[in-house]
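Heads up: the structure comes next, in structure tokens.
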Amino acid sequence: MKTRYSSIFVIAVIFLFCLTTFLASLAEARGRGGRGGGGRGGGMRGGGGFSRSSPAAGGGFSSRSAARQPQRQMQREMPRQQPRERQRDPSEGREDRQEHRDEAREDRQDHRDEAREDRQDFIDDEWDDHHHDDDWDEGAAFVTGMAVGAAMNRNKYVYSVPCSTTVIVGGITYYHCASTWYSRGYEGGEVVYIITTAPAGY
Amino acid sequence: MKKITLLLVIGALAAFLLSTAQPANAAEKDDQQAMDILQKMATTLAGAEQFSVTVSSSYDAPQENGQMVEFGALRNIQVKRPDKMRVEVQESDGDQRILVFNGKQIIVHNMTENVYATADKIGSVDDAVKHLISVLKIPLPLGRMFRTTIQAELERLVKEIDYVELNTLTDVPTDHLAARSRDVDFQIWIAQGKEPLPRRMVITYKNYKGDPQFRADFTNWNLDAKGVKGPFKYSPPKDAEQVPMLVRDRQATYMPTGQGGAK
């Protein structure tokens, strides 16, 4: 009888241990996934860790923003920007004709538009060359941004935080990872994590 | 005899010139026809006092190993000119957002994380779209198409355009056009009939390795006032946290107004 109870007890302990381990691993996985917890992986999110960054993400009509990026980003973008040798295809002849036919028209147009385009290029690049550039900050520990409305404050922020420990103070969610505190912000369509001072009482 | 030879030479030359000139003229005519169709669409969009449309889009994201991976989004867009806009977004990973512009302020609510941010912007939908994309860097694919300046912008951007075919496989017959700009190639399918609105669009980023594409299918077009209900006033849920709207520091000096977040 005693032996039977002991066996049941041992099985129950093993079951509880397995359950706890399973729940802990589930919670950890969720934390890594970043939903509502420790944030997203910078430039990587979703189940497979694939990058969502793409010049096509913004659906713009132009794609020259790299030219306006600071040098660091430009260097990073360069390999993707290299012009490629296009394969000659059957429509080439038509293209040549088209190019020839359009040459005069384009010359006129270019000339007429030159002054206008000089002005508009900046505007154009500024507003339509949107990249969903999660990886803009790759290679750097953080990005700086300015809080809209905050009096010229420059904020350092990251796209993910390495932990999911949160405290809520004054209605604001803070993430405390090692010795660094983060609060959330919104930038470029993404929730980001701003490096901030510890909340009152911490 | 010399006179006859001269006449023959002149005749042959004229015939040659005519034979080479005619196809070019015909091609130019096709170009013009294609441009006219595109501009007719632009005029319809720009002239609409309001519209709503569902845009199902996807784009190629090149991975480091060279593989292209597709991500998608579904957007319900409502525009009520001059100064109201609402965009409901659902990303392929389940992220949901609502963006509302009311003529004075832009509010973005990330429903997945239940946070929202605001940015003051007084102006028209045209102004708001430009502000969203250029300053706040918030994705609004095909944003140009929602501005009243679309005709001028297409005129400026399009360097070549061809009529591809009359497509009969779309829900309504569409004119399939292929255009090229300095930076992208794009194809557009425009409905024939009273409302020449886009039904499909494919943009190819030809200057990037792998030629990643952006694709969009437009459904549920509605240009009637009754169909564009908004609401264009948005109050986030009480338990939503307000966070600051950030603009990336590019040594810019832009400082609009907003609230929220840690001090």
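Chain labels A, B, ... are given in the sequence in which chains occur in the structure tokens; within each chain residues are numbered consecutively from 1, and ligands are likewise numbered from 1 in the order shown.
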
Using only C-alpha atoms, what table do you get, as CSV, when you list each residue of chain B with an atom no more than 7 Å from chain A, its nearest pair of atoms, and their distance in Å rounded to one decimal, rows by chain then rising number?
```
residue,atom,partner,partner_atom,distance
B:Tyr59,CA,A:Ala57,CA,5.7
B:Asp60,CA,A:Ala56,CA,6.5
B:Ala61,CA,A:Ser54,CA,4.8
B:Pro62,CA,A:Ser54,CA,6.5
B:Gln63,CA,A:Ser51,CA,6.3
B:Asp93,CA,A:Gly46,CA,6.4
B:Glu113,CA,A:Gly36,CA,5.7
B:Ala117,CA,A:Tyr186,CA,6.5
B:Ala119,CA,A:Val148,CA,6.9
B:Lys130,CA,A:Trp127,CA,6.0
B:Ile133,CA,A:Trp127,CA,5.3
B:Ser134,CA,A:Trp127,CA,3.7
B:Leu136,CA,A:Gly188,CA,5.9
B:Lys137,CA,A:Gly188,CA,4.4
B:Ile138,CA,A:Gly188,CA,4.4
B:Pro139,CA,A:Gly58,CA,5.5
B:Leu140,CA,A:Gly58,CA,6.6
B:Pro141,CA,A:Gly59,CA,4.3
B:Leu142,CA,A:Gly59,CA,5.4
B:Asp183,CA,A:Ser62,CA,5.1
B:Val184,CA,A:Ser62,CA,6.0
B:Tyr205,CA,A:Ala56,CA,6.6
B:Asn207,CA,A:Pro83,CA,6.2
B:Tyr208,CA,A:Arg80,CA,5.5
B:Lys209,CA,A:Arg80,CA,5.5
B:Pro212,CA,A:Ala56,CA,6.1
B:Gln213,CA,A:Ala56,CA,5.7
B:Phe214,CA,A:Ala56,CA,5.3
B:Glu241,CA,A:Ile172,CA,6.8
B:Val243,CA,A:Gly185,CA,4.9
B:Pro244,CA,A:Gly185,CA,5.0
B:Met245,CA,A:Tyr186,CA,4.9
B:Leu246,CA,A:Ala147,CA,4.4
B:Val247,CA,A:Gly145,CA,5.4
B:Arg248,CA,A:Gly145,CA,4.2
B:Asp249,CA,A:Gly145,CA,4.4
B:Met255,CA,A:Val148,CA,5.9
B:Pro256,CA,A:Gly149,CA,5.3
B:Thr257,CA,A:Gly149,CA,3.6
B:Gly258,CA,A:Gly149,CA,4.6
B:Gln259,CA,A:Gly149,CA,6.6
B:Gly261,CA,A:Ile172,CA,6.5
B:Ala262,CA,A:Ser183,CA,6.5
```

Can you tell me, as a VMD selection string, which residues in range 30-177 of chain B count as helix (DSSP H, G or I) by DSSP? chain B and resid 30 to 47 125 to 135 143 to 146 150 to 157

Filtered DSSP result for range 34-215 of chain B, state strand (DSSP E or B), as a PyMOL selection string: chain B and resi 50-62+68-80+84-91+96-101+105-110+115-120+160-167+174-180+185-191+198-204+213-215

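Residues lying within 9 Å of Glu49 in chain B, counting only C-alpha atoms and ignoring same-chain neighbours fewer than 5 positions away, are Val79, Lys80, Arg81, Pro82, Leu223, Asp224 and Ala225 of chain B.
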
Point-to-point distance in Å for CA of Arg97 in chain B and CA of Thr112 in chain B: 7.5 Å

Which one of B:Arg180, B:Gly94, B:Lys194, B:Gly210 sits closest to Asn65 in chain B if you count only C-alpha atoms? B:Gly210

Min atom-atom distance to Arg182 in chain B from the set B:Glu160, B:Glu165, B:Glu153, B:Glu64, counting only C-alpha atoms, belongs to B:Glu160
